$ cat my_file.txt   # compact mmCIF, C-alpha atoms and all ligand atoms
# COMPACT_ATOMS: atom_id res chain seq x y z
CA MET A 1 8.75 -6.30 -17.68
CA HIS A 2 5.15 -7.09 -16.89
CA ILE A 3 1.79 -5.54 -17.50
CA ILE A 4 -1.16 -6.03 -15.23
CA VAL A 5 -4.54 -5.40 -16.87
CA MET A 6 -7.40 -4.88 -14.44
CA VAL A 7 -10.83 -6.15 -15.48
CA GLY A 8 -14.22 -5.64 -13.88
CA LEU A 9 -17.41 -3.65 -13.64
CA PRO A 10 -17.27 -0.28 -11.88
CA GLY A 11 -17.27 -0.47 -8.08
CA ARG A 12 -15.41 -3.78 -7.84
CA GLY A 13 -12.37 -2.46 -5.96
CA LYS A 14 -10.05 -2.54 -9.00
CA SER A 15 -8.38 0.78 -8.27
CA TYR A 16 -7.84 -0.13 -4.63
CA MET A 17 -6.11 -3.38 -5.65
CA ALA A 18 -4.08 -1.56 -8.30
CA MET A 19 -2.87 1.06 -5.81
CA ARG A 20 -1.89 -1.48 -3.19
CA LEU A 21 -0.11 -3.66 -5.74
CA CYS A 22 1.72 -0.65 -7.10
CA ARG A 23 2.92 0.47 -3.66
CA TRP A 24 4.09 -3.04 -2.90
CA LEU A 25 6.03 -3.31 -6.13
CA GLN A 26 7.58 0.15 -5.78
CA TRP A 27 8.76 -0.90 -2.37
CA LYS A 28 10.49 -3.89 -3.93
CA ASN A 29 12.48 -1.48 -6.07
CA ILE A 30 10.37 -2.06 -9.16
CA ASP A 31 9.34 0.90 -11.30
CA CYS A 32 5.58 0.61 -11.20
CA LYS A 33 3.01 3.02 -12.57
CA ILE A 34 -0.77 2.97 -12.82
CA PHE A 35 -2.57 4.23 -15.92
CA ASN A 36 -6.18 4.85 -14.93
CA ALA A 37 -8.65 5.36 -17.79
CA GLY A 38 -11.13 7.18 -15.53
CA ASP A 39 -8.48 9.78 -14.65
CA TYR A 40 -7.79 10.33 -18.34
CA ARG A 41 -11.52 10.76 -19.00
CA ARG A 42 -11.91 13.23 -16.13
CA LYS A 43 -8.95 15.26 -17.37
CA PHE A 44 -10.37 15.31 -20.89
CA LEU A 45 -13.85 16.33 -19.74
CA GLU A 46 -12.58 18.93 -17.32
CA LYS A 47 -11.59 20.99 -20.32
CA GLU A 48 -15.11 20.57 -21.71
CA HIS A 49 -16.72 21.36 -18.33
CA THR A 50 -19.00 18.37 -18.82
CA PHE A 51 -20.40 16.11 -16.14
CA THR A 52 -20.42 12.46 -17.17
CA ASP A 53 -23.61 10.86 -15.99
CA TYR A 54 -24.27 7.16 -16.58
CA SER A 55 -25.35 7.71 -20.19
CA TRP A 56 -21.74 8.54 -21.16
CA PHE A 57 -20.88 4.88 -20.48
CA SER A 58 -23.72 3.34 -22.46
CA PRO A 59 -22.61 1.09 -25.33
CA ASN A 60 -25.45 2.66 -27.37
CA SER A 61 -24.52 6.27 -26.71
CA SER A 62 -22.80 8.61 -29.14
CA THR A 63 -20.03 9.15 -26.59
CA PHE A 64 -19.09 5.46 -26.40
CA ALA A 65 -16.42 5.66 -29.11
CA LEU A 66 -14.93 8.71 -27.40
CA LYS A 67 -14.80 6.85 -24.07
CA GLU A 68 -12.99 3.97 -25.77
CA ASN A 69 -10.55 6.37 -27.43
CA ILE A 70 -9.75 8.01 -24.12
CA ALA A 71 -9.06 4.61 -22.53
CA GLU A 72 -6.85 3.82 -25.52
CA SER A 73 -4.85 7.01 -25.02
CA ALA A 74 -4.13 5.88 -21.43
CA LEU A 75 -2.90 2.59 -22.86
CA LYS A 76 -0.72 4.40 -25.40
CA ASP A 77 0.90 6.36 -22.60
CA LEU A 78 1.45 3.12 -20.73
CA ILE A 79 3.20 1.65 -23.76
CA ASN A 80 5.40 4.74 -24.19
CA TRP A 81 6.29 4.61 -20.51
CA MET A 82 7.26 0.94 -20.85
CA LYS A 83 9.54 1.85 -23.74
CA GLN A 84 11.47 4.39 -21.69
CA GLU A 85 14.74 3.10 -20.33
CA SER A 86 15.01 2.31 -16.66
CA SER A 87 17.64 0.76 -14.46
CA ASN A 88 14.96 -1.16 -12.57
CA LYS A 89 12.43 -3.77 -13.56
CA LYS A 90 9.18 -2.25 -14.79
CA VAL A 91 5.55 -3.06 -14.20
CA ALA A 92 2.66 -1.05 -15.59
CA ILE A 93 -0.92 -1.41 -14.39
CA PHE A 94 -3.77 -0.58 -16.76
CA ASP A 95 -6.65 0.32 -14.48
CA ALA A 96 -9.88 0.39 -16.48
CA THR A 97 -12.99 -1.75 -16.85
CA ASN A 98 -11.63 -3.72 -19.85
CA SER A 99 -14.83 -5.66 -19.61
CA THR A 100 -15.25 -7.15 -23.10
CA ASN A 101 -13.24 -9.67 -25.11
CA ASN A 102 -13.08 -7.16 -27.93
CA ARG A 103 -11.44 -4.49 -25.71
CA ARG A 104 -9.00 -7.04 -24.24
CA ASP A 105 -8.03 -8.34 -27.69
CA LYS A 106 -7.23 -4.78 -28.76
CA ILE A 107 -5.19 -4.27 -25.59
CA LYS A 108 -3.19 -7.42 -26.22
CA LYS A 109 -2.54 -6.40 -29.79
CA MET A 110 -1.28 -2.98 -28.73
CA LEU A 111 0.82 -4.40 -25.92
CA SER A 112 2.58 -6.81 -28.28
CA ASP A 113 4.74 -3.80 -29.10
CA VAL A 114 6.42 -4.00 -25.68
CA VAL A 115 5.81 -7.42 -24.12
CA ASN A 116 4.94 -10.94 -25.13
CA GLU A 117 1.67 -12.60 -24.11
CA ASN A 118 3.26 -14.37 -21.14
CA GLN A 119 4.03 -11.00 -19.59
CA ILE A 120 0.40 -9.86 -19.53
CA LEU A 121 -1.52 -10.72 -16.39
CA PHE A 122 -5.25 -10.03 -16.24
CA VAL A 123 -6.68 -9.40 -12.78
CA GLU A 124 -10.48 -9.60 -12.80
CA SER A 125 -12.59 -8.57 -9.85
CA ILE A 126 -16.03 -10.16 -9.89
CA CYS A 127 -18.58 -9.21 -7.31
CA ASP A 128 -22.25 -10.10 -7.01
CA ASP A 129 -22.67 -9.26 -3.34
CA GLN A 130 -24.61 -5.99 -3.34
CA SER A 131 -23.50 -5.13 0.20
CA ILE A 132 -19.84 -5.16 -0.95
CA ILE A 133 -20.66 -3.04 -3.99
CA ASN A 134 -22.50 -0.54 -1.76
CA SER A 135 -19.66 -0.36 0.73
CA ASN A 136 -17.14 0.09 -2.12
CA PHE A 137 -19.24 3.00 -3.26
CA ILE A 138 -19.44 4.48 0.21
CA GLU A 139 -15.68 4.08 0.77
CA ASP A 140 -14.47 5.23 -2.65
CA LYS A 141 -17.00 6.72 -4.97
CA LYS A 142 -18.63 9.24 -2.72
CA ASN A 143 -15.31 11.06 -2.83
CA ASN A 144 -14.90 10.35 -6.52
CA GLU A 145 -14.21 13.41 -8.63
CA ASP A 146 -17.09 12.30 -10.90
CA TYR A 147 -19.54 13.23 -8.16
CA VAL A 148 -18.08 16.36 -6.64
CA ASP A 149 -20.94 18.56 -5.40
CA LYS A 150 -23.51 15.81 -6.06
CA PRO A 151 -25.70 14.66 -3.15
CA VAL A 152 -24.63 11.14 -2.12
CA ASP A 153 -28.02 9.60 -3.00
CA ASP A 154 -27.99 11.07 -6.52
CA ALA A 155 -24.39 9.95 -6.97
CA HIS A 156 -25.27 6.43 -5.78
CA GLU A 157 -28.24 6.21 -8.15
CA ASP A 158 -26.18 7.40 -11.11
CA PHE A 159 -23.39 4.99 -10.25
CA GLN A 160 -25.80 2.02 -10.15
CA LYS A 161 -27.04 3.02 -13.60
CA ARG A 162 -23.44 3.22 -14.83
CA ILE A 163 -22.87 -0.36 -13.65
CA LYS A 164 -26.02 -1.47 -15.53
CA GLU A 165 -24.62 0.08 -18.73
CA TYR A 166 -21.42 -1.95 -18.41
CA GLU A 167 -23.34 -5.11 -17.51
CA LYS A 168 -25.03 -5.05 -20.92
CA ASN A 169 -21.83 -6.20 -22.64
CA TYR A 170 -19.77 -7.65 -19.82
CA GLU A 171 -17.70 -10.75 -20.63
CA SER A 172 -15.55 -12.47 -18.06
CA ILE A 173 -12.02 -13.40 -19.16
CA ASN A 174 -11.78 -16.68 -21.02
CA ASP A 175 -9.38 -19.49 -20.24
CA ASN A 176 -6.95 -18.66 -23.06
CA GLU A 177 -5.59 -15.79 -20.96
CA ILE A 178 -3.26 -15.68 -17.98
CA TYR A 179 -5.49 -14.47 -15.21
CA ILE A 180 -6.34 -14.17 -11.56
CA LYS A 181 -10.09 -13.92 -10.88
CA ILE A 182 -11.07 -12.59 -7.49
CA TYR A 183 -14.66 -13.19 -6.38
CA ASN A 184 -16.42 -10.97 -3.85
CA ILE A 185 -13.22 -9.22 -2.79
CA GLY A 186 -11.29 -12.32 -1.79
CA LYS A 187 -13.95 -14.95 -0.94
CA LYS A 188 -12.78 -17.14 -3.84
CA PHE A 189 -9.85 -17.06 -6.26
CA ILE A 190 -9.29 -18.76 -9.60
CA MET A 191 -5.88 -18.66 -11.23
CA ASN A 192 -5.27 -19.65 -14.80
CA LYS A 193 -2.01 -20.39 -16.61
CA LEU A 194 0.19 -18.40 -14.20
CA SER A 195 3.58 -19.00 -15.71
CA SER A 196 6.18 -17.01 -13.82
CA ASN A 197 7.42 -16.33 -10.35
CA PHE A 198 6.25 -12.74 -10.72
CA GLN A 199 2.68 -13.82 -11.49
CA THR A 200 2.47 -16.26 -8.58
CA LYS A 201 3.83 -13.54 -6.27
CA MET A 202 1.11 -11.17 -7.48
CA ALA A 203 -1.47 -13.87 -6.77
CA TYR A 204 -0.04 -14.37 -3.28
CA PHE A 205 -0.19 -10.66 -2.58
CA LEU A 206 -3.77 -10.33 -3.84
CA MET A 207 -4.87 -13.36 -1.85
CA ASN A 208 -3.52 -11.73 1.29
CA LEU A 209 -4.70 -8.21 0.57
CA ASN A 210 -7.16 -7.00 3.15
CA LYS A 211 -10.12 -5.12 1.78
CA LYS A 212 -10.99 -3.93 5.27
CA ARG A 213 -9.03 -0.74 5.79
CA ILE A 214 -7.56 -1.25 9.21
CA THR A 215 -5.98 1.45 11.34
CA ILE A 216 -2.28 0.95 11.97
CA TYR A 217 -0.44 2.41 14.93
CA LEU A 218 3.28 2.84 15.09
CA THR A 219 5.46 3.75 18.02
CA ARG A 220 9.04 3.56 19.14
CA HIS A 221 9.68 1.74 22.44
CA GLY A 222 9.67 3.75 25.66
CA GLN A 223 12.90 5.50 26.59
CA SER A 224 15.72 2.99 27.21
CA GLN A 225 18.85 3.22 29.34
CA ASP A 226 21.16 3.21 26.29
CA GLN A 227 19.04 5.86 24.61
CA LEU A 228 19.57 8.08 27.62
CA LEU A 229 23.34 7.70 27.06
CA SER A 230 22.92 8.25 23.26
CA LYS A 231 24.39 4.81 22.51
CA ILE A 232 23.30 3.04 19.35
CA GLY A 233 22.00 -0.54 19.30
CA GLY A 234 22.38 -2.78 22.32
CA ASN A 235 19.65 -4.43 24.32
CA SER A 236 19.10 -2.26 27.36
CA ASN A 237 15.90 -2.05 29.36
CA LEU A 238 13.45 0.79 29.83
CA THR A 239 14.12 3.74 32.12
CA ASP A 240 11.39 4.76 34.58
CA HIS A 241 10.39 7.43 32.10
CA GLY A 242 10.13 4.71 29.39
CA LYS A 243 8.01 2.49 31.66
CA LYS A 244 5.60 5.35 32.24
CA TYR A 245 5.24 5.78 28.49
CA ALA A 246 4.26 2.10 28.20
CA ASP A 247 1.55 2.65 30.84
CA ARG A 248 0.24 5.73 29.05
CA LEU A 249 0.17 3.80 25.79
CA LEU A 250 -1.96 1.07 27.35
CA ASN A 251 -4.21 3.66 28.92
CA TYR A 252 -4.74 5.31 25.52
CA PHE A 253 -5.96 2.06 23.93
CA ASP A 254 -7.84 0.78 26.98
CA LEU A 255 -9.90 3.93 26.97
CA SER A 256 -10.43 4.15 23.22
CA ASN A 257 -12.68 1.14 22.46
CA ASN A 258 -13.18 -2.56 22.85
CA GLU A 259 -11.85 -3.75 19.50
CA GLN A 260 -9.26 -6.48 19.04
CA TYR A 261 -5.69 -5.38 18.37
CA ASP A 262 -2.64 -7.30 17.21
CA ILE A 263 0.54 -5.92 18.74
CA LEU A 264 3.75 -6.70 16.87
CA CYS A 265 6.93 -5.90 18.74
CA SER A 266 10.62 -6.53 18.25
CA ASP A 267 12.63 -9.10 20.15
CA LEU A 268 14.64 -6.46 22.01
CA MET A 269 14.03 -5.83 25.69
CA ARG A 270 13.08 -2.17 25.37
CA ALA A 271 10.35 -2.95 22.83
CA LYS A 272 9.14 -6.13 24.54
CA ASN A 273 8.82 -4.35 27.87
CA THR A 274 6.89 -1.54 26.23
CA ALA A 275 4.51 -4.00 24.56
CA ASN A 276 4.21 -6.26 27.61
CA VAL A 277 1.71 -3.87 29.20
CA PHE A 278 -0.79 -5.05 26.58
CA ARG A 279 -0.71 -8.60 27.94
CA SER A 280 -3.04 -7.49 30.74
CA ASN A 281 -6.17 -7.67 28.56
CA ASN A 282 -7.14 -10.35 26.06
CA LYS A 283 -8.40 -7.85 23.52
CA TYR A 284 -4.68 -7.50 22.70
CA ASN A 285 -2.70 -10.24 21.02
CA VAL A 286 1.03 -9.58 21.51
CA GLU A 287 3.49 -11.15 19.04
CA ILE A 288 7.27 -10.87 18.99
CA HIS A 289 9.02 -10.58 15.63
CA LYS A 290 12.80 -10.48 15.28
CA GLU A 291 12.35 -8.79 11.92
CA LEU A 292 11.32 -5.69 13.90
CA ASN A 293 14.65 -5.43 15.74
CA GLU A 294 16.47 -2.11 15.36
CA ILE A 295 18.90 -1.62 12.47
CA TYR A 296 22.04 -3.54 13.40
CA GLY A 297 25.05 -1.30 14.09
CA GLY A 298 27.64 -4.07 13.54
CA GLU A 299 31.04 -3.23 15.07
CA PHE A 300 29.73 0.11 16.30
CA GLU A 301 26.91 -1.21 18.49
CA GLY A 302 27.10 0.42 21.91
CA MET A 303 28.98 3.52 20.69
CA THR A 304 27.59 7.05 20.51
CA TYR A 305 27.48 9.00 17.23
CA GLU A 306 30.01 11.42 18.73
CA GLN A 307 32.45 8.57 19.43
CA ILE A 308 32.05 7.14 15.90
CA LYS A 309 32.59 10.57 14.36
CA GLU A 310 35.72 11.13 16.39
CA LYS A 311 37.28 7.67 15.99
CA HIS A 312 36.11 6.77 12.46
CA PRO A 313 35.47 10.04 10.60
CA LEU A 314 35.74 8.49 7.11
CA ILE A 315 33.26 5.74 7.86
CA TYR A 316 31.02 8.23 9.63
CA ASN A 317 30.91 10.50 6.59
CA LEU A 318 30.46 7.66 4.15
CA ARG A 319 27.43 6.39 6.03
CA ASP A 320 26.09 9.85 6.68
CA ASN A 321 26.17 10.57 2.94
CA ASN A 322 23.99 7.58 2.08
CA LYS A 323 22.42 5.81 5.02
CA TYR A 324 20.01 4.03 2.69
CA LYS A 325 22.83 2.15 1.02
CA ASN A 326 25.71 2.22 3.50
CA SER A 327 25.93 0.50 6.87
CA TRP A 328 28.35 0.64 9.77
CA PRO A 329 31.02 -2.11 9.36
CA GLY A 330 29.30 -5.48 9.77
CA GLY A 331 25.94 -3.78 10.25
CA GLU A 332 22.81 -3.16 8.23
CA SER A 333 21.80 -0.39 5.84
CA TYR A 334 18.25 0.93 5.51
CA TYR A 335 18.01 -1.02 2.27
CA ASP A 336 18.80 -4.21 4.22
CA LEU A 337 15.91 -3.30 6.50
CA THR A 338 13.44 -2.98 3.64
CA VAL A 339 14.29 -6.55 2.67
CA ARG A 340 14.15 -7.84 6.25
CA LEU A 341 10.79 -6.20 6.85
CA GLU A 342 9.01 -7.61 3.81
CA PRO A 343 7.02 -10.26 5.77
CA ILE A 344 5.82 -7.58 8.19
CA LEU A 345 4.83 -5.27 5.33
CA LEU A 346 2.73 -8.10 3.97
CA ARG A 347 1.19 -8.46 7.41
CA ILE A 348 0.23 -4.77 7.29
CA GLU A 349 -1.62 -5.40 4.03
CA CYS A 350 -3.45 -8.50 5.18
CA ASN A 351 -4.12 -8.10 8.91
CA LYS A 352 -7.78 -8.32 9.88
CA ASN A 353 -7.47 -6.63 13.32
CA LYS A 354 -6.10 -3.20 14.03
CA LEU A 355 -2.32 -3.30 14.34
CA ILE A 356 0.01 -1.68 16.83
CA ILE A 357 3.71 -1.91 15.95
CA VAL A 358 6.14 -1.30 18.79
CA ALA A 359 9.61 -0.99 17.35
CA HIS A 360 12.59 1.31 16.89
CA GLN A 361 13.51 4.50 15.10
CA ALA A 362 14.88 3.04 11.86
CA ILE A 363 12.08 0.46 11.65
CA CYS A 364 9.44 3.13 12.23
CA ARG A 365 11.01 5.28 9.49
CA ILE A 366 10.64 2.41 7.03
CA PHE A 367 6.99 1.78 7.91
CA TYR A 368 6.17 5.48 7.93
CA ALA A 369 7.60 5.84 4.42
CA TYR A 370 5.80 2.72 3.18
CA LEU A 371 2.44 3.79 4.58
CA MET A 372 2.72 7.40 3.40
CA ASN A 373 4.02 6.62 -0.11
CA ILE A 374 7.41 8.18 0.55
CA ASP A 375 10.35 6.94 -1.50
CA PRO A 376 12.21 4.41 0.71
CA LYS A 377 15.47 6.27 0.01
CA ASP A 378 14.00 9.38 1.68
CA CYS A 379 12.99 7.61 4.86
CA VAL A 380 16.41 7.87 6.48
CA ASN A 381 15.90 11.37 7.85
CA LEU A 382 12.23 11.17 8.80
CA GLU A 383 11.66 12.42 12.28
CA ILE A 384 10.07 9.73 14.42
CA LYS A 385 9.79 11.12 17.92
CA SER A 386 10.06 9.06 21.07
CA HIS A 387 6.89 8.74 23.13
CA ARG A 388 4.78 9.68 20.15
CA LEU A 389 2.05 7.39 18.81
CA TYR A 390 1.45 7.56 15.05
CA GLU A 391 -1.97 6.58 13.75
CA PHE A 392 -2.45 5.70 10.06
CA THR A 393 -5.96 5.51 8.65
CA GLN A 394 -7.05 4.89 5.10
CA GLU A 395 -9.01 7.56 3.26
CA LYS A 396 -10.12 6.40 -0.15
CA HIS A 397 -6.92 4.84 -1.56
CA HIS A 398 -4.43 6.85 0.47
CA ARG A 399 -3.38 6.74 4.06
CA GLN A 400 -3.47 9.71 6.42
CA VAL A 401 -1.36 10.10 9.54
CA LYS A 402 -2.14 11.74 12.88
CA TRP A 403 -0.02 11.57 15.99
CA TYR A 404 -0.42 11.83 19.71
CA ASP A 405 2.30 12.78 22.17
CA LEU A 406 1.59 10.62 25.20
C1 LIG B 1 -13.93 5.49 -16.94
O1 LIG B 1 -13.97 6.32 -17.84
O2 LIG B 1 -14.21 5.74 -15.77
C2 LIG B 1 -13.49 4.07 -17.25
C3 LIG B 1 -13.47 3.81 -18.69
C4 LIG B 1 -13.47 2.33 -18.94
O3 LIG B 1 -12.51 1.66 -18.65
O4 LIG B 1 -14.46 1.83 -19.45
$ encode --input "my_file.txt" --output "structure tokens" --more "lines below"
Ligand code: SIN
Amino acid sequence: MHIIVMVGLPGRGKSYMAMRLCRWLQWKNIDCKIFNAGDYRRKFLEKEHTFTDYSWFSPNSSTFALKENIAESALKDLINWMKQESSNKKVAIFDATNSTNNRRDKIKKMLSDVVNENQILFVESICDDQSIINSNFIEDKKNNEDYVDKPVDDAHEDFQKRIKEYEKNYESINDNEIYIKIYNIGKKFIMNKLSSNFQTKMAYFLMNLNKKRITIYLTRHGQSQDQLLSKIGGNSNLTDHGKKYADRLLNYFDLSNNEQYDILCSDLMRAKNTANVFRSNNKYNVEIHKELNEIYGGEFEGMTYEQIKEKHPLIYNLRDNNKYKNSWPGGESYYDLTVRLEPILLRIECNKNKLIIVAHQAICRIFYAYLMNIDPKDCVNLEIKSHRLYEFTQEKHHRQVKWYDL
């Protein structure tokens, strides 16, 4: 059990970090939940039909105690959630400003009900680069529910005043605490007293996390000879139809813009020969990763589903009932894939250039589920069509998907 307590002035990217961390942890089969004080406040004020302008956040205002109480009720829910039984490990993230020693001392005291001090990790985002603060506002806050129906300029002005209110009492975390301090969204990191494998892994993830929200493309390889015969696995080459798809794929990106792309493809012929078309232009950097190879069919590689069903009905049904957990004999399950793909998932979070992943059906299902916040167990039946290019963009904290049949 661990608790991550975010710290920082408004507009420092705390919620973005919390969301990405949470998704990452959920993917690793950890029960992770975010408790966001701002969401609690908005829910509370919705009932009152009140707009919270900057004065609500002022330490001198009559609403200050109410604001603190609302944040505390989020923390109480977090503690109750931690107390609930779960078969998995649990991590809760308290996403709020938590910007004074007094508030953090209270938090620690309350959390002592469920964890010891070594299980509390503070993550502080410190930012004095106004251009980053402005771009955080443009990316996140303009869509913030606090400013619905407000002209962007008015919203921006109010938000700057809100920051000033918090600055009046802001105290950075002191060295008695276990913390990771992130300066200017990743330009500098300071880590203090990290004492467990979990905490160093969190630091590693945050150090890699890309603030730039890159577009990610996902596609299956072009049609292969084995695919035409409905055989699973193998290492066959592209059909003419598959080669034409590769050309259309290149054409799509060649025409779109002049940006740099990293292409990650599997080590299987059908994927490599789809991605090879990108080697014609140095705006593309093609890399081969064995981790992206198709789910391994073990003893049944090269057979069709019909043949497996006919010759091994029991095994067929067993796997069909739970493809996430069960594999063909000697092969891999979807769960095995989630473990194998971890380094590539990290790459998705940290890549600086746009990414194009050229892989296989099962691999694309895993990435699709990861990017769209779908439970990994539900990825096994996602439809990932051949010769379809999936485009994932980031809107606020969530990703959106569009696709193009090429
Ligand atoms: C908020 O209400 O938006 C955040 C409250 C806080 O953590 O200060």
$ residues_near_ligand --input "my_file.txt" --ligand "ligand LIG 1 (chain B)" --cutoff "7 Å" --atoms "all atoms listed in the file" --output "VMD selection string"
chain A and resid 37 to 38 41 67 to 68 71 96 to 98
$ write_last_selection --input "my_file.txt" --atoms "C-alpha atoms" --output "PDB file, in the frame of the given file"
ATOM      1  CA  ALA A  37      -8.650   5.360 -17.790  1.00  0.00           C
ATOM      2  CA  GLY A  38     -11.130   7.180 -15.530  1.00  0.00           C
ATOM      3  CA  ARG A  41     -11.520  10.760 -19.000  1.00  0.00           C
ATOM      4  CA  LYS A  67     -14.800   6.850 -24.070  1.00  0.00           C
ATOM      5  CA  GLU A  68     -12.990   3.970 -25.770  1.00  0.00           C
ATOM      6  CA  ALA A  71      -9.060   4.610 -22.530  1.00  0.00           C
ATOM      7  CA  ALA A  96      -9.880   0.390 -16.480  1.00  0.00           C
ATOM      8  CA  THR A  97     -12.990  -1.750 -16.850  1.00  0.00           C
ATOM      9  CA  ASN A  98     -11.630  -3.720 -19.850  1.00  0.00           C
TER      10      ASN A  98
END
$ atom_distance --input "my_file.txt" --atom1 "atom CA of Cys364 of chain A" --atom2 "atom CA of Arg23 of chain A"
17.4 Å
$ residues_around --input "my_file.txt" --residues "segment 380-388 of chain A" --least-positions-apart "2" --cutoff "8 Å" --atoms "only C-alpha atoms" --output "PyMOL selection string"
chain A and resi 219-223+245+323-324+334+361-362+364-366+376-378+390+403-406
$ atom_distance --input "my_file.txt" --atom1 "atom CA of Lys168 of chain A" --atom2 "atom CA of Arg103 of chain A"
14.4 Å
$ atom_distance --input "my_file.txt" --atom1 "atom CA of Ile120 of chain A" --atom2 "atom CA of Asn169 of chain A"
22.7 Å
